[in-house]
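Participant: A single structure is presented below for examination.
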Amino acid sequence: MEARFAELLAAYCLEAAPGETVLVEAETPALPLLPHLKRALLQRGAYPLFRLGYPGEARDFLLHGGRWLEAIPEVERALYEKADKFLRVLSAENPLEGASVDPALALRHQRAWRPLSELRLQKRWALTLYPTVGYAVGAGMGTEAFRAYLERALFLDREDPVAAWRELAAFQEGLIRRLSQGKILRILAPGTDLTLSVAGRTWVNSDGRRNMPSGEVFTGPLEDSAEGEVRFNLPAFVGGRRVEGVYLRFHRGEVVEARAQVGEDYLKEALATDPGARRLGEVGIGTNFALDRSTGLILLDEKMGGTVHLALGRSYPETGGRNESALHWDLVLSLKEGRLLLDGEPLMVEGRFV
């Protein structure tokens with residue numbers, strides 16, 4: 001799997017070219033992938049620069065970083081300015097490593113280091129995930145079963161993975177044509193009745209070049225349009241902790257009530273990040289039916305066919321969204337017992353496109 005995975009990342013996601021510097025960030029559990037990735041990038045004439053963290057390094061930085069939590073070292077800024085492309089490989093040994101850390105620390109650091117995130121977003125970037133034991137345990141799966149699950153999600157079980165991604169992209173393009181003709185989305189499910197406007201906004205075809213695996217179309221809803229309530233029925237690992245059973249009520253686009261069954265302290269801190277954190281920056285629709293069960297991993301679960309997700313915080317400018325925030329947190333809702341309506345007409349019913 002590793003050799004084909006590396007080839008997909010280097011050739012399809014990054015389109016690495018001669019003379020480019022590619023900054024690769026990963027943790028030690030991803031070590032089996034890295035030699036293949038190094039070779040694949042070098043063979044394209046790119047220069048791979050690896051930053052390899054140890055398990056728990058992010059937690060240690062939050063606990064002992066002191067002034068560096070809010071002061072960006074010049075060497076970090078220079079690295080992000082000089083790199084041409086970025087690849088981040090999510091590869092935590094334990095996705096709950098930060099569960100005992102005050103969530104305010106992480107969100108304060110995220111807010112202060114936002115300029116680096118902005119630098120990365122201005123360039124070519126990709127985000128992927130390596131199947132660690134910790135992710136398998138969190139998903140309630142055996143290690144080999146989780147590895148096989150991810151392989152299918154990446155389309156690495158297909159004879160030509162790139163052709164499979166292009167086929168999904170073509171389906172999503174048709175979905176976007178349909179969505180672009182509408183103005184109002186309504187999400188209906190147990191505990192959920194939410195409407196929002198996407199009039200005049202641009203839908204983006206997420207075909208695996210930024211997120212791998214992918215399989216979604218998304219846009220930025222009008223910032224003051226969200227009205228109603230939503231109960232997210234899929235859990236998530238976020239900020240080094242588990243958050244589950246999130247309920248939000250919106251009025252004129254702003255969160256006016258929020259609670260969670262698990263991780264409510266993180267939810268409250270996230271909403272307090274800045275004024276933009278209480279508004280939506282994204283609505284997305286999952287299309288990857290190779291992903292068919294919840295894992296708690298947002299990168300995977302938000303791409304599941306039959307789901308919708310809403311992101312609190314920052315909009316992607318290419319959608320026309322204008323919400324600004326240091327936060328961008330995707331929350332996922334399965335519609336296996338729900339419906340998604342576009343201008344009152346069914347678009348998805350019980351997890352299937354109409």
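Going through the structure tokens in order, the chains are called A, B, and so on, while each chain numbers its residues from 1 and the ligands are numbered from 1 in the order shown.
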Just the residues within 7 Å of segment 216-226 of chain A, please, counting only C-alpha atoms, with nothing from its chain fewer than 6 positions along; format it as number ranges by chain.
Facilitator: A: 172, 194-198, 201-206, 250-254, 279-287, 303, 315-316, 319-321, 323
Participant: Quick one: write out the picked residues with C-alpha atoms as a PDB file, in the first residue's frame?
Facilitator:
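Contents of out24.pdb, as written:
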```
ATOM      1  CA  GLN A 172     -19.346  15.740  -8.271  1.00  0.00           C
ATOM      2  CA  LEU A 194     -31.726  23.903   9.750  1.00  0.00           C
ATOM      3  CA  THR A 195     -31.995  26.192   6.733  1.00  0.00           C
ATOM      4  CA  LEU A 196     -29.225  28.235   5.152  1.00  0.00           C
ATOM      5  CA  SER A 197     -28.712  30.188   1.959  1.00  0.00           C
ATOM      6  CA  VAL A 198     -26.072  29.390  -0.653  1.00  0.00           C
ATOM      7  CA  ARG A 201     -21.906  31.192  -3.691  1.00  0.00           C
ATOM      8  CA  THR A 202     -19.464  28.951  -5.573  1.00  0.00           C
ATOM      9  CA  TRP A 203     -19.427  25.183  -4.990  1.00  0.00           C
ATOM     10  CA  VAL A 204     -16.003  23.505  -4.958  1.00  0.00           C
ATOM     11  CA  ASN A 205     -15.289  20.012  -6.298  1.00  0.00           C
ATOM     12  CA  SER A 206     -13.057  18.303  -3.701  1.00  0.00           C
ATOM     13  CA  PHE A 250     -28.621  29.342  15.026  1.00  0.00           C
ATOM     14  CA  HIS A 251     -30.407  32.668  14.689  1.00  0.00           C
ATOM     15  CA  ARG A 252     -29.517  35.045  11.868  1.00  0.00           C
ATOM     16  CA  GLY A 253     -26.419  32.995  11.152  1.00  0.00           C
ATOM     17  CA  GLU A 254     -24.997  33.020  14.672  1.00  0.00           C
ATOM     18  CA  ARG A 279     -20.846  31.554  12.359  1.00  0.00           C
ATOM     19  CA  LEU A 280     -20.617  28.972   9.590  1.00  0.00           C
ATOM     20  CA  GLY A 281     -17.770  29.043   7.110  1.00  0.00           C
ATOM     21  CA  GLU A 282     -18.682  25.927   5.136  1.00  0.00           C
ATOM     22  CA  VAL A 283     -21.417  23.477   4.235  1.00  0.00           C
ATOM     23  CA  GLY A 284     -20.293  20.254   2.585  1.00  0.00           C
ATOM     24  CA  ILE A 285     -21.922  17.133   1.170  1.00  0.00           C
ATOM     25  CA  GLY A 286     -20.093  13.785   1.347  1.00  0.00           C
ATOM     26  CA  THR A 287     -19.965  11.580  -1.781  1.00  0.00           C
ATOM     27  CA  LYS A 303     -16.378  12.573   3.078  1.00  0.00           C
ATOM     28  CA  SER A 315     -14.636  30.331   5.075  1.00  0.00           C
ATOM     29  CA  TYR A 316     -12.639  29.347   2.010  1.00  0.00           C
ATOM     30  CA  THR A 319     -16.423  29.807  -2.377  1.00  0.00           C
ATOM     31  CA  GLY A 320     -17.273  33.487  -1.987  1.00  0.00           C
ATOM     32  CA  GLY A 321     -17.525  33.027   1.779  1.00  0.00           C
ATOM     33  CA  ASN A 323     -16.431  34.684   7.392  1.00  0.00           C
TER      34      ASN A 323
END
```
Participant: For the structure I just gave you, how does DSSP split segment 187-315 of chain A - specifically, which residues are strand (DSSP E or B)? Reply as number ranges by chain.
Facilitator: A: 187-189, 192-197, 204-206, 211-212, 216-219, 227-231, 236-238, 241-244, 247-251, 254-259, 262, 279-286, 288, 304, 307-313
Participant: For the interface of segment 172-261 of chain A with segment 83-97 of chain A (cut-off 12 Å, counting only C-alpha atoms), please tabulate each contacting residue of segment 172-261 of chain A alongside its nearest pair of atoms and their separation in Å to one decimal, rows sorted by chain and increasing number, as JSON lines.
Facilitator:
```
{"residue": "A:Arg209", "atom": "CA", "partner": "A:Leu87", "partner_atom": "CA", "distance": 10.8}
{"residue": "A:Arg210", "atom": "CA", "partner": "A:Leu87", "partner_atom": "CA", "distance": 9.1}
{"residue": "A:Asn211", "atom": "CA", "partner": "A:Arg88", "partner_atom": "CA", "distance": 9.8}
{"residue": "A:Met212", "atom": "CA", "partner": "A:Val89", "partner_atom": "CA", "distance": 9.8}
{"residue": "A:Pro213", "atom": "CA", "partner": "A:Val89", "partner_atom": "CA", "distance": 11.6}
{"residue": "A:Ala236", "atom": "CA", "partner": "A:Pro95", "partner_atom": "CA", "distance": 10.1}
{"residue": "A:Phe237", "atom": "CA", "partner": "A:Pro95", "partner_atom": "CA", "distance": 6.6}
{"residue": "A:Val238", "atom": "CA", "partner": "A:Pro95", "partner_atom": "CA", "distance": 8.2}
{"residue": "A:Gly239", "atom": "CA", "partner": "A:Leu96", "partner_atom": "CA", "distance": 8.3}
{"residue": "A:Gly240", "atom": "CA", "partner": "A:Leu96", "partner_atom": "CA", "distance": 4.7}
{"residue": "A:Arg241", "atom": "CA", "partner": "A:Leu96", "partner_atom": "CA", "distance": 4.8}
{"residue": "A:Arg242", "atom": "CA", "partner": "A:Leu96", "partner_atom": "CA", "distance": 6.9}
{"residue": "A:Val243", "atom": "CA", "partner": "A:Leu96", "partner_atom": "CA", "distance": 10.6}
```
Participant: Out of A:Val133, A:Ala16, A:Leu42, A:Leu271, which residue has the shortest atom-to-atom distance to Leu107 of chain A when counting only C-alpha atoms?
Facilitator: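 Of the candidates, the smallest distance to Leu107 of chain A is held by A:Leu271.
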Participant: Name the residues of segment 151-313 of chain A that fall into helix (DSSP H, G or I) according to DSSP on the backbone, using the chain letters and numbers of this document, as an MDAnalysis selection string.
Facilitator: chainID A and resid 151:153 161:179 264:271 275:278 298:301
Participant: Kindly assemble as JSON lines a list of the segment 156-196 of chain A residues that lie within 12 Å of segment 339-350 of chain A, each paired with its nearest atom pair and their distance in Å to one decimal, using only C-alpha atoms, sorted first by chain and then by ascending residue number.
Facilitator:
```
{"residue": "A:Leu175", "atom": "CA", "partner": "A:Leu347", "partner_atom": "CA", "distance": 9.5}
{"residue": "A:Ile176", "atom": "CA", "partner": "A:Leu347", "partner_atom": "CA", "distance": 11.7}
{"residue": "A:Arg178", "atom": "CA", "partner": "A:Leu342", "partner_atom": "CA", "distance": 9.2}
{"residue": "A:Leu179", "atom": "CA", "partner": "A:Leu342", "partner_atom": "CA", "distance": 7.4}
{"residue": "A:Ser180", "atom": "CA", "partner": "A:Leu342", "partner_atom": "CA", "distance": 10.0}
{"residue": "A:Gln181", "atom": "CA", "partner": "A:Leu342", "partner_atom": "CA", "distance": 9.2}
{"residue": "A:Gly182", "atom": "CA", "partner": "A:Asp343", "partner_atom": "CA", "distance": 6.0}
{"residue": "A:Lys183", "atom": "CA", "partner": "A:Asp343", "partner_atom": "CA", "distance": 6.3}
{"residue": "A:Ile184", "atom": "CA", "partner": "A:Asp343", "partner_atom": "CA", "distance": 5.0}
{"residue": "A:Leu185", "atom": "CA", "partner": "A:Leu342", "partner_atom": "CA", "distance": 4.8}
{"residue": "A:Arg186", "atom": "CA", "partner": "A:Leu341", "partner_atom": "CA", "distance": 5.0}
{"residue": "A:Ile187", "atom": "CA", "partner": "A:Leu340", "partner_atom": "CA", "distance": 4.8}
{"residue": "A:Leu188", "atom": "CA", "partner": "A:Arg339", "partner_atom": "CA", "distance": 5.2}
{"residue": "A:Ala189", "atom": "CA", "partner": "A:Arg339", "partner_atom": "CA", "distance": 6.5}
{"residue": "A:Pro190", "atom": "CA", "partner": "A:Arg339", "partner_atom": "CA", "distance": 10.1}
{"residue": "A:Thr192", "atom": "CA", "partner": "A:Arg339", "partner_atom": "CA", "distance": 10.1}
{"residue": "A:Asp193", "atom": "CA", "partner": "A:Arg339", "partner_atom": "CA", "distance": 9.9}
{"residue": "A:Leu194", "atom": "CA", "partner": "A:Leu340", "partner_atom": "CA", "distance": 9.9}
{"residue": "A:Thr195", "atom": "CA", "partner": "A:Leu341", "partner_atom": "CA", "distance": 9.2}
{"residue": "A:Leu196", "atom": "CA", "partner": "A:Leu342", "partner_atom": "CA", "distance": 10.1}
```
Participant: Kindly give the distance, in Å, that separates atom CA of Phe50 of chain A and atom CA of Leu34 of chain A, rounded to a single decimal.
Facilitator: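 Computing the Euclidean distance for atom CA of Phe50 of chain A and atom CA of Leu34 of chain A yields 8.7 Å.
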Participant: What's the 12 Å shell around segment 140-145 of chain A, counting only C-alpha atoms, without same-chain residues fewer than 4 positions away, as a list in words?
Facilitator: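 Returned residues: Met1, Tyr130, Pro131, Thr132, Val133, Gly134, Tyr135, Ala136, Tyr149, Leu150, Glu151, Arg152, Arg293, Ser294, Thr295, Gly296 and Leu297 of chain A.
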Participant: Could you write out that same residue set with N, CA, C and O atoms as a PDB file, in the first residue's frame?
Facilitator:
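Output contents, as saved in selection15.pdb:
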```
ATOM      1  N   MET A   1       0.820  -1.211   0.000  1.00  0.00           N
ATOM      2  CA  MET A   1       0.000   0.000   0.000  1.00  0.00           C
ATOM      3  C   MET A   1       0.855   1.263   0.000  1.00  0.00           C
ATOM      4  O   MET A   1       0.549   2.239  -0.682  1.00  0.00           O
ATOM      5  N   TYR A 130      -2.450   8.556   7.809  1.00  0.00           N
ATOM      6  CA  TYR A 130      -1.815   7.248   7.788  1.00  0.00           C
ATOM      7  C   TYR A 130      -2.508   6.359   8.823  1.00  0.00           C
ATOM      8  O   TYR A 130      -2.839   6.815   9.926  1.00  0.00           O
ATOM      9  N   PRO A 131      -2.735   5.076   8.510  1.00  0.00           N
ATOM     10  CA  PRO A 131      -3.504   4.206   9.414  1.00  0.00           C
ATOM     11  C   PRO A 131      -2.708   3.733  10.628  1.00  0.00           C
ATOM     12  O   PRO A 131      -2.103   2.671  10.615  1.00  0.00           O
ATOM     13  N   THR A 132      -2.737   4.527  11.691  1.00  0.00           N
ATOM     14  CA  THR A 132      -2.027   4.167  12.916  1.00  0.00           C
ATOM     15  C   THR A 132      -2.897   3.254  13.794  1.00  0.00           C
ATOM     16  O   THR A 132      -4.116   3.170  13.628  1.00  0.00           O
ATOM     17  N   VAL A 133      -2.252   2.619  14.749  1.00  0.00           N
ATOM     18  CA  VAL A 133      -2.979   1.776  15.699  1.00  0.00           C
ATOM     19  C   VAL A 133      -3.987   2.614  16.485  1.00  0.00           C
ATOM     20  O   VAL A 133      -5.120   2.188  16.734  1.00  0.00           O
ATOM     21  N   GLY A 134      -3.580   3.829  16.863  1.00  0.00           N
ATOM     22  CA  GLY A 134      -4.470   4.703  17.632  1.00  0.00           C
ATOM     23  C   GLY A 134      -5.737   5.047  16.878  1.00  0.00           C
ATOM     24  O   GLY A 134      -6.828   5.074  17.459  1.00  0.00           O
ATOM     25  N   TYR A 135      -5.611   5.327  15.580  1.00  0.00           N
ATOM     26  CA  TYR A 135      -6.796   5.635  14.781  1.00  0.00           C
ATOM     27  C   TYR A 135      -7.697   4.408  14.663  1.00  0.00           C
ATOM     28  O   TYR A 135      -8.928   4.528  14.686  1.00  0.00           O
ATOM     29  N   ALA A 136      -7.091   3.234  14.519  1.00  0.00           N
ATOM     30  CA  ALA A 136      -7.878   2.004  14.424  1.00  0.00           C
ATOM     31  C   ALA A 136      -8.666   1.765  15.713  1.00  0.00           C
ATOM     32  O   ALA A 136      -9.859   1.441  15.679  1.00  0.00           O
ATOM     33  N   TYR A 149      -9.746  -0.515   5.237  1.00  0.00           N
ATOM     34  CA  TYR A 149     -10.802   0.492   5.089  1.00  0.00           C
ATOM     35  C   TYR A 149     -10.235   1.760   4.446  1.00  0.00           C
ATOM     36  O   TYR A 149     -10.824   2.320   3.510  1.00  0.00           O
ATOM     37  N   LEU A 150      -9.087   2.217   4.937  1.00  0.00           N
ATOM     38  CA  LEU A 150      -8.467   3.409   4.384  1.00  0.00           C
ATOM     39  C   LEU A 150      -8.007   3.170   2.949  1.00  0.00           C
ATOM     40  O   LEU A 150      -8.142   4.046   2.093  1.00  0.00           O
ATOM     41  N   GLU A 151      -7.495   1.990   2.679  1.00  0.00           N
ATOM     42  CA  GLU A 151      -7.044   1.667   1.326  1.00  0.00           C
ATOM     43  C   GLU A 151      -8.205   1.781   0.329  1.00  0.00           C
ATOM     44  O   GLU A 151      -8.053   2.330  -0.764  1.00  0.00           O
ATOM     45  N   ARG A 152      -9.379   1.290   0.714  1.00  0.00           N
ATOM     46  CA  ARG A 152     -10.552   1.413  -0.158  1.00  0.00           C
ATOM     47  C   ARG A 152     -10.963   2.873  -0.320  1.00  0.00           C
ATOM     48  O   ARG A 152     -11.333   3.311  -1.413  1.00  0.00           O
ATOM     49  N   ARG A 293     -18.652   3.930   7.430  1.00  0.00           N
ATOM     50  CA  ARG A 293     -18.840   3.851   8.872  1.00  0.00           C
ATOM     51  C   ARG A 293     -18.084   4.990   9.543  1.00  0.00           C
ATOM     52  O   ARG A 293     -17.079   5.482   9.041  1.00  0.00           O
ATOM     53  N   SER A 294     -18.591   5.400  10.687  1.00  0.00           N
ATOM     54  CA  SER A 294     -17.959   6.494  11.417  1.00  0.00           C
ATOM     55  C   SER A 294     -16.668   6.023  12.088  1.00  0.00           C
ATOM     56  O   SER A 294     -16.617   4.931  12.653  1.00  0.00           O
ATOM     57  N   THR A 295     -15.639   6.859  12.015  1.00  0.00           N
ATOM     58  CA  THR A 295     -14.359   6.553  12.646  1.00  0.00           C
ATOM     59  C   THR A 295     -13.969   7.578  13.703  1.00  0.00           C
ATOM     60  O   THR A 295     -13.015   7.361  14.449  1.00  0.00           O
ATOM     61  N   GLY A 296     -14.671   8.704  13.765  1.00  0.00           N
ATOM     62  CA  GLY A 296     -14.277   9.794  14.647  1.00  0.00           C
ATOM     63  C   GLY A 296     -13.228  10.696  14.039  1.00  0.00           C
ATOM     64  O   GLY A 296     -12.873  11.713  14.629  1.00  0.00           O
ATOM     65  N   LEU A 297     -12.732  10.335  12.849  1.00  0.00           N
ATOM     66  CA  LEU A 297     -11.708  11.115  12.159  1.00  0.00           C
ATOM     67  C   LEU A 297     -12.394  12.024  11.146  1.00  0.00           C
ATOM     68  O   LEU A 297     -12.963  11.555  10.162  1.00  0.00           O
TER      69      LEU A 297
END
```
Participant: Identify which of the residues A:Ala78, A:Val162, A:Val137, A:Leu105 lies closest to Glu7 of chain A, counting only C-alpha atoms when measuring atom-to-atom distances.
Facilitator: A:Val162
Participant: Using only C-alpha atoms, which of the listed residues (A:Arg147, A:Arg67, A:Arg166, A:Arg51) sits closest to Ala112 of chain A?
Facilitator: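 Going through A:Arg147, A:Arg67, A:Arg166, A:Arg51 one by one, the smallest distance to Ala112 of chain A is for A:Arg67.
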Participant: Atom CA of Glu81 of chain A and atom CA of Ala277 of chain A are how many Å apart?
Facilitator: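 According to the coordinates, atom CA of Glu81 of chain A and atom CA of Ala277 of chain A are separated by 26.6 Å.
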Participant: Restricting the calculation to only C-alpha atoms, which member of A:Ala10, A:Leu156, A:Leu312, A:Ile298 is positioned closest to Leu248 of chain A?
Facilitator: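 Using only C-alpha atoms, Leu248 of chain A sits closest to A:Leu312.
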